[in-house]
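Participant: Just so it is clear, I am handing over work26.cif, which has mmCIF, C-alpha atoms and all ligand atoms.
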data_start
loop_
_atom_site.label_atom_id
_atom_site.label_comp_id
_atom_site.auth_asym_id
_atom_site.auth_seq_id
_atom_site.Cartn_x
_atom_site.Cartn_y
_atom_site.Cartn_z
CA MET A 18 0.00 0.00 0.00
CA THR A 19 1.53 3.30 -1.01
CA ARG A 20 1.61 5.95 1.62
CA HIS A 21 1.08 8.87 -0.74
CA TRP A 22 -2.69 8.69 -0.43
CA LEU A 23 -2.51 10.38 2.94
CA HIS A 24 0.11 13.02 2.39
CA GLY A 25 -2.06 15.89 1.20
CA ALA A 26 -4.48 15.30 4.03
CA THR A 27 -1.74 15.08 6.64
CA LEU A 28 -0.20 18.35 5.59
CA LEU A 29 -3.56 20.06 5.60
CA LEU A 30 -4.30 18.77 9.04
CA PHE A 31 -1.23 20.60 10.22
CA THR A 32 -2.60 23.88 8.96
CA ILE A 33 -4.97 24.12 11.95
CA PRO A 34 -4.24 27.59 13.24
CA PRO A 35 -3.03 27.76 16.83
CA VAL A 36 -5.79 28.72 19.25
CA ALA A 37 -5.18 29.34 22.95
CA TRP A 38 -7.88 26.91 24.03
CA ALA A 39 -7.96 23.98 26.36
CA TRP A 40 -9.46 20.57 26.39
CA TRP A 41 -11.43 17.82 27.93
CA ASP A 42 -12.88 15.49 25.30
CA ASN A 43 -15.02 18.38 24.06
CA GLY A 44 -11.99 20.56 23.39
CA HIS A 45 -10.15 17.74 21.64
CA MET A 46 -13.10 16.99 19.38
CA LEU A 47 -13.58 20.68 18.69
CA THR A 48 -9.95 20.97 17.54
CA ALA A 49 -10.37 17.95 15.29
CA GLU A 50 -13.68 19.28 13.96
CA ILE A 51 -11.94 22.55 13.05
CA ALA A 52 -9.41 20.48 11.06
CA ARG A 53 -12.17 18.41 9.46
CA GLN A 54 -13.95 21.52 8.22
CA GLN A 55 -10.79 22.65 6.46
CA LEU A 56 -10.22 19.37 4.62
CA THR A 57 -11.97 18.21 1.46
CA LYS A 58 -14.55 15.43 1.59
CA SER A 59 -12.17 13.02 -0.13
CA GLN A 60 -9.34 13.82 2.28
CA VAL A 61 -11.65 13.19 5.24
CA ALA A 62 -12.78 9.93 3.62
CA VAL A 63 -9.18 8.72 3.31
CA ILE A 64 -8.44 9.56 6.95
CA ASN A 65 -11.67 7.99 8.21
CA GLY A 66 -11.04 4.87 6.11
CA LEU A 67 -7.70 4.44 7.83
CA LEU A 68 -8.98 5.13 11.35
CA GLU A 69 -11.93 2.75 10.86
CA GLU A 70 -9.52 -0.15 10.53
CA TRP A 71 -9.37 -0.20 14.36
CA SER A 72 -13.12 -0.11 14.89
CA ASP A 73 -13.29 -3.65 16.34
CA ASP A 74 -10.93 -2.70 19.15
CA PHE A 75 -11.99 0.94 19.57
CA PRO A 76 -15.64 1.31 18.58
CA GLY A 77 -16.79 4.93 18.46
CA LEU A 78 -13.20 6.23 18.34
CA CYS A 79 -12.52 5.72 14.66
CA ASP A 80 -13.17 8.88 12.71
CA LEU A 81 -11.21 12.12 12.47
CA VAL A 82 -13.23 13.76 15.26
CA THR A 83 -13.65 10.97 17.83
CA ALA A 84 -10.11 9.63 17.32
CA ALA A 85 -8.99 12.89 18.96
CA VAL A 86 -9.83 11.42 22.37
CA TRP A 87 -8.31 7.97 21.76
CA PRO A 88 -4.93 8.75 23.42
CA ASP A 89 -6.78 9.79 26.60
CA GLN A 90 -8.88 6.60 26.50
CA LEU A 91 -5.66 4.57 26.64
CA LYS A 92 -5.07 6.00 30.14
CA CYS A 93 -8.44 4.89 31.49
CA ALA A 94 -8.33 2.67 34.54
CA ASN A 95 -11.78 3.17 36.08
CA HIS A 96 -15.23 3.71 34.64
CA GLY A 97 -16.52 7.27 34.70
CA ALA A 98 -17.81 10.06 32.50
CA VAL A 99 -14.49 10.31 30.64
CA CYS A 100 -13.98 6.53 30.56
CA PRO A 101 -17.21 4.96 29.32
CA ARG A 102 -15.68 2.00 27.49
CA ALA A 103 -16.38 -1.57 28.54
CA VAL A 104 -12.69 -2.41 28.34
CA MET A 105 -10.18 -0.22 30.18
CA GLU A 106 -6.77 -0.04 28.53
CA ASN A 107 -4.99 1.31 31.65
CA ILE A 108 -1.79 1.95 29.64
CA HIS A 109 0.46 4.64 31.14
CA ILE A 110 3.70 4.36 29.25
CA PHE A 111 2.49 7.10 26.89
CA ASP A 112 1.51 9.58 29.62
CA PRO A 113 4.54 11.89 29.11
CA TRP A 114 3.69 12.16 25.40
CA HIS A 115 0.88 14.62 26.26
CA PHE A 116 2.88 17.70 27.27
CA ASP A 117 6.05 19.80 27.13
CA GLU A 118 7.20 21.16 30.49
CA LYS A 119 8.58 24.52 29.51
CA PRO A 120 9.42 26.34 32.76
CA TYR A 121 7.47 29.46 33.70
CA ASN A 122 9.44 31.11 36.47
CA PRO A 123 8.24 34.68 37.08
CA GLN A 124 9.89 34.87 40.54
CA ASN A 125 13.31 33.82 39.26
CA LEU A 126 13.49 30.89 41.68
CA THR A 127 16.45 28.55 41.46
CA LEU A 128 15.07 25.79 39.25
CA PRO A 129 15.70 22.11 39.90
CA HIS A 130 18.51 20.47 37.96
CA CYS A 131 17.66 20.03 34.24
CA ALA A 132 14.38 21.98 34.44
CA ASP A 133 15.63 24.14 31.58
CA GLN A 134 16.03 21.05 29.38
CA TRP A 135 12.35 20.82 28.62
CA LEU A 136 12.50 19.07 25.25
CA PRO A 137 13.17 15.49 26.21
CA ASN A 138 12.09 12.21 24.68
CA PRO A 139 9.32 11.65 25.70
CA SER A 140 7.36 14.88 25.28
CA ALA A 141 4.53 16.13 23.08
CA SER A 142 6.85 17.93 20.68
CA PHE A 143 9.08 14.85 20.44
CA THR A 144 6.06 12.65 19.70
CA LEU A 145 4.78 15.03 17.03
CA THR A 146 8.25 14.95 15.44
CA SER A 147 8.28 11.14 15.56
CA ALA A 148 4.81 11.11 14.03
CA ILE A 149 5.70 13.29 11.07
CA THR A 150 8.90 11.29 10.58
CA SER A 151 6.91 8.04 10.50
CA MET A 152 4.34 9.47 8.15
CA GLY A 153 7.07 10.78 5.87
CA THR A 154 9.00 7.52 5.71
CA SER A 155 6.74 4.56 6.56
CA ASN A 156 4.46 2.43 4.40
CA SER A 157 2.75 0.81 7.36
CA ARG A 158 -0.94 1.46 7.78
CA PHE A 159 -0.54 0.56 11.44
CA ALA A 160 2.09 3.32 11.84
CA PHE A 161 -0.15 5.83 10.09
CA ASN A 162 -3.20 4.93 12.15
CA PHE A 163 -1.31 5.04 15.44
CA MET A 164 0.61 8.24 14.70
CA LEU A 165 -2.32 10.08 13.14
CA ARG A 166 -4.35 9.51 16.32
CA TRP A 167 -1.53 11.05 18.32
CA VAL A 168 -1.18 13.99 15.95
CA ILE A 169 -4.90 14.79 16.11
CA HIS A 170 -4.75 14.64 19.91
CA LEU A 171 -1.46 16.44 20.51
CA VAL A 172 -2.12 19.36 18.19
CA GLY A 173 -4.95 19.98 20.64
CA ASP A 174 -2.94 19.35 23.77
CA ILE A 175 -0.02 21.65 22.94
CA HIS A 176 -2.48 24.51 22.49
CA GLN A 177 -3.66 24.09 26.08
CA PRO A 178 -1.24 26.50 27.82
CA LEU A 179 -0.81 24.17 30.79
CA HIS A 180 0.31 21.34 28.49
CA SER A 181 3.09 23.65 27.28
CA ALA A 182 4.23 25.11 30.60
CA ASP A 183 5.29 24.09 34.08
CA GLY A 184 5.10 26.85 36.69
CA TYR A 185 7.54 27.41 39.54
CA PHE A 186 6.21 29.53 42.40
CA ASP A 187 6.89 30.24 46.01
CA ASP A 188 4.33 32.64 47.39
CA ALA A 189 1.20 32.72 49.52
CA ARG A 190 -1.11 32.91 46.53
CA LEU A 191 0.04 30.07 44.29
CA GLY A 192 1.84 27.97 46.84
CA HIS A 193 5.27 26.54 47.64
CA LEU A 194 6.07 24.86 44.33
CA PRO A 195 9.86 24.93 43.89
CA GLN A 196 9.73 21.60 42.01
CA GLY A 197 7.10 22.87 39.56
CA ASP A 198 3.30 22.79 39.51
CA ARG A 199 2.97 19.85 37.08
CA GLY A 200 1.22 21.99 34.49
CA GLY A 201 -1.12 23.54 37.05
CA ASN A 202 -2.15 20.15 38.50
CA LEU A 203 -0.79 21.19 41.91
CA ILE A 204 -2.67 24.49 42.07
CA PRO A 205 -6.11 23.93 43.63
CA VAL A 206 -9.04 25.95 42.38
CA ILE A 207 -12.75 26.01 43.11
CA SER A 208 -14.94 26.04 40.01
CA ASP A 209 -18.58 25.67 39.04
CA CYS A 210 -17.92 22.60 36.88
CA GLY A 211 -16.00 20.52 39.39
CA ALA A 212 -12.54 21.22 37.98
CA ASN A 213 -10.52 21.21 41.20
CA ASN A 214 -7.12 22.31 39.95
CA LEU A 215 -5.83 24.87 37.50
CA HIS A 216 -4.92 22.26 34.89
CA PHE A 217 -8.43 20.76 34.83
CA TYR A 218 -9.96 24.21 34.84
CA TRP A 219 -8.06 24.96 31.65
CA ASP A 220 -8.86 21.55 30.16
CA SER A 221 -12.50 22.60 30.38
CA ALA A 222 -11.68 26.03 28.86
CA ALA A 223 -12.80 27.65 32.12
CA CYS A 224 -15.90 25.43 32.38
CA GLN A 225 -16.97 26.23 28.82
CA TYR A 226 -16.48 22.89 27.01
CA LEU A 227 -17.70 20.07 29.20
CA VAL A 228 -19.11 17.39 26.93
CA ASN A 229 -17.13 14.20 27.36
CA TRP A 230 -16.83 11.50 24.76
CA SER A 231 -19.40 8.81 25.06
CA PRO A 232 -21.13 6.48 22.64
CA HIS A 233 -23.95 9.06 22.72
CA TYR A 234 -21.81 11.96 21.67
CA GLN A 235 -23.75 12.08 18.38
CA ASP A 236 -26.32 14.07 20.40
CA HIS A 237 -23.76 16.88 20.57
CA ARG A 238 -22.44 16.63 17.05
CA GLU A 239 -24.50 19.52 15.69
CA ALA A 240 -23.36 21.87 18.46
CA LEU A 241 -19.77 20.78 17.95
CA THR A 242 -19.95 21.48 14.21
CA GLN A 243 -21.53 24.87 14.86
CA ASN A 244 -19.00 25.80 17.56
CA ALA A 245 -16.12 24.85 15.25
CA SER A 246 -17.41 26.98 12.37
CA ASP A 247 -18.03 29.88 14.75
CA LEU A 248 -14.41 29.67 15.93
CA ILE A 249 -13.07 29.51 12.37
CA THR A 250 -15.11 32.60 11.53
CA LYS A 251 -13.94 34.41 14.64
CA TYR A 252 -10.28 33.41 14.19
CA PRO A 253 -9.60 32.94 10.47
CA PRO A 254 -6.07 31.75 9.55
CA SER A 255 -5.17 35.33 8.57
CA SER A 256 -5.83 36.49 12.14
CA PHE A 257 -2.71 34.62 13.30
CA GLY A 258 -0.42 36.80 11.20
CA THR A 259 3.19 35.63 11.40
CA ARG A 260 2.53 33.33 14.37
CA TYR A 261 1.98 30.40 12.02
CA ASP A 262 3.92 29.79 8.82
CA PRO A 263 2.99 26.63 6.87
CA GLU A 264 6.35 26.81 5.06
CA HIS A 265 8.13 25.49 8.17
CA LEU A 266 6.24 22.21 8.06
CA LYS A 267 6.63 21.96 4.31
CA ALA A 268 10.41 22.29 4.69
CA CYS A 269 10.41 19.42 7.20
CA TRP A 270 8.27 17.33 4.86
CA THR A 271 10.50 18.03 1.84
CA GLN A 272 13.57 16.82 3.72
CA LEU A 273 11.75 13.69 4.94
CA GLN A 274 11.07 12.86 1.26
CA ASN A 275 14.69 13.56 0.30
CA LYS A 276 16.11 10.28 -1.01
CA SER A 277 19.64 11.20 0.05
CA LYS A 278 18.50 11.23 3.70
CA PRO A 279 20.19 14.45 4.81
CA SER A 280 21.31 14.55 8.43
CA GLY A 281 19.50 16.84 10.84
CA VAL A 282 16.01 16.25 9.43
CA PHE A 283 14.66 15.29 12.85
CA ASP A 284 15.90 18.62 14.25
CA ILE A 285 14.37 20.60 11.38
CA CYS A 286 11.03 18.91 12.02
CA GLN A 287 11.26 19.21 15.80
CA GLN A 288 11.78 22.98 15.52
CA VAL A 289 8.40 23.22 13.78
CA PHE A 290 6.56 21.78 16.77
CA VAL A 291 8.70 23.54 19.36
CA ARG A 292 7.73 26.78 17.64
CA TRP A 293 4.06 25.87 18.17
CA VAL A 294 4.72 25.08 21.84
CA ASN A 295 6.59 28.37 22.22
CA ASP A 296 3.68 30.18 20.61
CA THR A 297 1.21 28.67 23.07
CA PHE A 298 3.52 29.50 25.95
CA ASP A 299 4.06 33.09 24.83
CA THR A 300 0.41 33.66 24.00
CA GLY A 301 -1.31 31.67 26.67
CA VAL A 302 0.75 31.62 29.82
CA PRO A 303 0.68 35.30 30.78
CA GLY A 304 -3.12 35.13 30.50
CA VAL A 305 -3.74 32.00 32.54
CA PRO A 306 -6.13 32.93 35.35
CA GLY A 307 -4.48 32.73 38.73
CA ARG A 308 -0.97 33.21 37.41
CA THR A 309 1.22 36.10 38.39
CA THR A 310 1.89 38.24 35.36
CA LYS A 311 4.27 41.09 34.96
C1 LIG A 401 13.41 38.08 37.12
O1 LIG A 401 14.45 38.33 36.21
C2 LIG A 401 14.07 39.13 35.09
C3 LIG A 401 15.24 39.16 34.11
O2 LIG A 401 16.45 39.36 34.77
C4 LIG A 401 13.65 40.51 35.58
O3 LIG A 401 13.23 41.31 34.50
C5 LIG A 401 12.50 40.35 36.56
O4 LIG A 401 12.13 41.61 37.10
C6 LIG A 401 12.87 39.40 37.70
N1 LIG A 401 11.65 39.16 38.49
C7 LIG A 401 11.69 39.13 39.82
C8 LIG A 401 10.36 38.86 40.50
O5 LIG A 401 12.71 39.28 40.47
C1 LIG A 402 -20.72 24.93 22.12
O1 LIG A 402 -20.38 26.18 22.66
C2 LIG A 402 -21.23 26.61 23.74
C3 LIG A 402 -20.85 28.04 24.09
O2 LIG A 402 -19.48 28.13 24.38
C4 LIG A 402 -21.09 25.64 24.89
O3 LIG A 402 -21.93 26.01 25.97
C5 LIG A 402 -21.47 24.24 24.41
O4 LIG A 402 -21.29 23.28 25.45
C6 LIG A 402 -20.58 23.87 23.22
N1 LIG A 402 -20.93 22.55 22.74
C7 LIG A 402 -20.05 21.75 22.14
C8 LIG A 402 -20.50 20.36 21.82
O5 LIG A 402 -18.92 22.11 21.85
C1 LIG A 403 18.52 16.55 -0.21
O1 LIG A 403 19.59 16.31 0.66
C2 LIG A 403 20.86 16.59 0.09
C3 LIG A 403 21.92 16.11 1.09
O2 LIG A 403 21.82 16.77 2.32
C4 LIG A 403 20.94 18.08 -0.21
O3 LIG A 403 22.20 18.38 -0.81
C5 LIG A 403 19.81 18.48 -1.16
O4 LIG A 403 19.81 19.88 -1.35
C6 LIG A 403 18.47 18.04 -0.58
N1 LIG A 403 17.41 18.27 -1.55
C7 LIG A 403 16.40 19.14 -1.34
C8 LIG A 403 15.33 19.18 -2.40
O5 LIG A 403 16.34 19.85 -0.35
C1 LIG A 404 11.55 28.31 21.91
O1 LIG A 404 11.75 29.19 22.99
C2 LIG A 404 13.04 29.12 23.60
C3 LIG A 404 13.11 30.12 24.72
O2 LIG A 404 12.13 29.90 25.63
C4 LIG A 404 14.09 29.46 22.58
O3 LIG A 404 15.38 29.29 23.16
C5 LIG A 404 13.98 28.52 21.38
O4 LIG A 404 14.89 28.93 20.38
C6 LIG A 404 12.57 28.60 20.82
N1 LIG A 404 12.50 27.61 19.73
C7 LIG A 404 11.92 27.88 18.55
C8 LIG A 404 11.99 26.80 17.53
O5 LIG A 404 11.34 28.91 18.34
#
Using structure tokens, write down the structure that the file contains.
Ligand SMILES: *[C@@H]1O[C@H](CO)[C@@H](O)[C@H](O)[C@H]1NC(C)=O
Ligand SMILES: *[C@@H]1O[C@H](CO)[C@@H](O)[C@H](O)[C@H]1NC(C)=O
Ligand SMILES: *[C@@H]1O[C@H](CO)[C@@H](O)[C@H](O)[C@H]1NC(C)=O
Ligand SMILES: *[C@@H]1O[C@H](CO)[C@@H](O)[C@H](O)[C@H]1NC(C)=O
Facilitator:
Amino acid sequence: MTRHWLHGATLLLFTIPPVAWAWWDNGHMLTAEIARQQLTKSQVAVINGLLEEWSDDFPGLCDLVTAAVWPDQLKCANHGAVCPRAVMENIHIFDPWHFDEKPYNPQNLTLPHCADQWLPNPSASFTLTSAITSMGTSNSRFAFNFMLRWVIHLVGDIHQPLHSADGYFDDARLGHLPQGDRGGNLIPVISDCGANNLHFYWDSAACQYLVNWSPHYQDHREALTQNASDLITKYPPSSFGTRYDPEHLKACWTQLQNKSKPSGVFDICQQVFVRWVNDTFDTGVPGVPGRTTK
């Protein structure tokens, strides 16, 4: 099976403009729905055809929109609103793939050893780089299916500011957190929607997007479609100005296709995703409610 059938669609998927939003399942599906609306019908059909190949194992998680929550379903250990499946995967080896821990240190605290080396393997930006590398070099439908699910999910995650930042604080307001706040997970908050820490509060976009994936999510499909088109209208690609340049990803892709296998391709591609993480950090972090800003 040639891999070229997916390439146009993959590149287009990466043209989702960065939005400083945050996600439970609702947010993830909204991000994917925004991508879906910018692809052609035939591109969506190719992607859905691939994702459907796993429908025996992951029913209801096998189209462009619902596959966005698949990486979170892998973490499920107990039944609940976010974990409705009969079978719990309870797989945690991928947990560090969901974020980059870029330090936010407004008080200039002495950071723990290596805190400034925030681009390790594993991280979200590393996984996105691995994904594009696989898609640019592999013929395996398994690799495409697996990696595409991660791409759809992580493009959402890295635009949640607290998936792209780790705060260090030592004050009465935010707490004694010299080892970092684990992306806001260690900062308690009280909210109307039950989000009890700053990370969850942002995952719900401040209690705005609360629908969790379930086999009945079709009930919310119309609202999701409408919300996605409203966001595209409100924030058209042009509104991002120089913050997003599709040429960067194209340059990575061109080198992945280069038969002479130039060295440094991984770095070229990784810079693309680190730029997106930096953009979220620069745009989102100063505005996170509860954070000290200068
Ligand atoms: C932290 O350091 C930066 C750069 O040196 C400085 O601009 C800022 O005022 C310092 N902040 C505090 C709280 O000391
Ligand atoms: C659509 O957006 C509205 C307003 O933000 C929100 O209340 C609703 O839950 C959203 N629904 C979905 C499915 O995104
Ligand atoms: C492919 O890689 C080779 C070796 O690094 C380089 O000389 C050449 O310019 C590359 N081709 C393209 C189209 O970038
Ligand atoms: C990301 O931001 C860091 C500083 O926080 C900077 O050193 C690095 O060059 C940036 N990377 C890219 C690709 O923009």
Participant: List the spatial neighbours of range 72-76 of chain A as a VMD selection string - criterion: any atom at most 12 Å away, all atoms listed in the file, same-chain residues fewer than 3 positions off excluded.
Facilitator: chain A and resid 65 to 69 79 to 80 83 to 84 86 to 88 90 to 91 101 to 106 162 166 230 to 232
Participant: For Asp183 in chain A, find every residue with an atom within 6 Å (counting all atoms listed in the file), except residues of its own chain fewer than 4 positions away, and show them as a ChimeraX atom specification.
Facilitator: /A:118-121,197-200
Participant: All residues within 8 Å of ligand LIG 402 (chain A) are required, counting all atoms listed in the file; please report them as a PyMOL selection string.
Facilitator: chain A and resi 43-44+47+225-228+237-245
Participant: I'd like a table as CSV: residues in chain A with an atom no more than 12 Å from ligand LIG 403 (chain A), each row giving the shortest atom pair and its distance in Å to one decimal, only C-alpha atoms and all ligand atoms counted, sorted by chain and rising residue number.
Facilitator:
residue,atom,partner,partner_atom,distance
A:Lys267,CA,A:LIG403,O5,11.0
A:Ala268,CA,A:LIG403,O5,8.2
A:Cys269,CA,A:LIG403,O5,9.6
A:Trp270,CA,A:LIG403,O5,9.9
A:Thr271,CA,A:LIG403,O5,6.5
A:Gln272,CA,A:LIG403,O5,5.8
A:Leu273,CA,A:LIG403,C1,9.0
A:Gln274,CA,A:LIG403,C1,8.4
A:Asn275,CA,A:LIG403,C1,4.9
A:Lys276,CA,A:LIG403,C1,6.8
A:Ser277,CA,A:LIG403,O1,5.1
A:Lys278,CA,A:LIG403,O1,6.0
A:Pro279,CA,A:LIG403,O2,3.8
A:Ser280,CA,A:LIG403,O2,6.5
A:Gly281,CA,A:LIG403,O2,8.8
A:Val282,CA,A:LIG403,O2,9.2
A:Ile285,CA,A:LIG403,O5,11.9
Participant: When you count all atoms listed in the file, which of these residues is closest to ligand LIG 404 (chain A): A:Met46, A:Leu128, A:Ile204, A:Ala182?
Facilitator: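 Between A:Met46, A:Leu128, A:Ile204, A:Ala182, the residue approaching ligand LIG 404 (chain A) most closely is A:Ala182.
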Participant: Which residues of chain A sit at most 8 Å from ligand LIG 404 (chain A), using all atoms listed in the file? Give each one's shortest atom pair and distance in Å (one decimal place), in chain and ascending residue order, as a Markdown table.
Facilitator:
| residue | atom | partner | partner_atom | distance |
| --- | --- | --- | --- | --- |
| A:Lys119 | CA | A:LIG404 | O2 | 7.5 |
| A:Gln287 | CA | A:LIG404 | C8 | 7.8 |
| A:Gln288 | CA | A:LIG404 | C8 | 4.3 |
| A:Val289 | CA | A:LIG404 | C8 | 6.3 |
| A:Phe290 | CA | A:LIG404 | C8 | 7.4 |
| A:Val291 | CA | A:LIG404 | C8 | 5.0 |
| A:Arg292 | CA | A:LIG404 | O5 | 4.2 |
| A:Trp293 | CA | A:LIG404 | O5 | 7.9 |
| A:Val294 | CA | A:LIG404 | C1 | 7.6 |
| A:Asn295 | CA | A:LIG404 | C1 | 5.0 |
Participant: Please give me, as a short mmCIF file (atom, residue, chain, number, x, y, z; two decimals) with C-alpha atoms, in the coordinates of the input, the residues lying within 6 Å of ligand LIG 401 (chain A) when counting only C-alpha atoms and all ligand atoms.
Facilitator:
data_model
loop_
_atom_site.label_atom_id
_atom_site.label_comp_id
_atom_site.auth_asym_id
_atom_site.auth_seq_id
_atom_site.Cartn_x
_atom_site.Cartn_y
_atom_site.Cartn_z
CA PRO A 123 8.24 34.68 37.08
CA GLN A 124 9.89 34.87 40.54
CA ASN A 125 13.31 33.82 39.26
#
Participant: Given only C-alpha atoms as the basis, pick out the residue of A:Ile249, A:Leu136, A:Ala160, A:Ala49 nearest to Val61 in chain A.
Facilitator: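 Looking only at the distances to Val61 in chain A, the closest residue turns out to be A:Ala49.
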Participant: From the list A:Asn214, A:Thr48, A:Ser142, A:Thr259, which residue is nearest Asn202 in chain A when using all atoms listed in the file?
Facilitator: A:Asn214
Participant: Using all atoms listed in the file, find the one residue out of A:Asn156, A:Ser246, A:Gln134, A:Ser181 that sits nearest to Asp117 in chain A.
Facilitator: A:Ser181
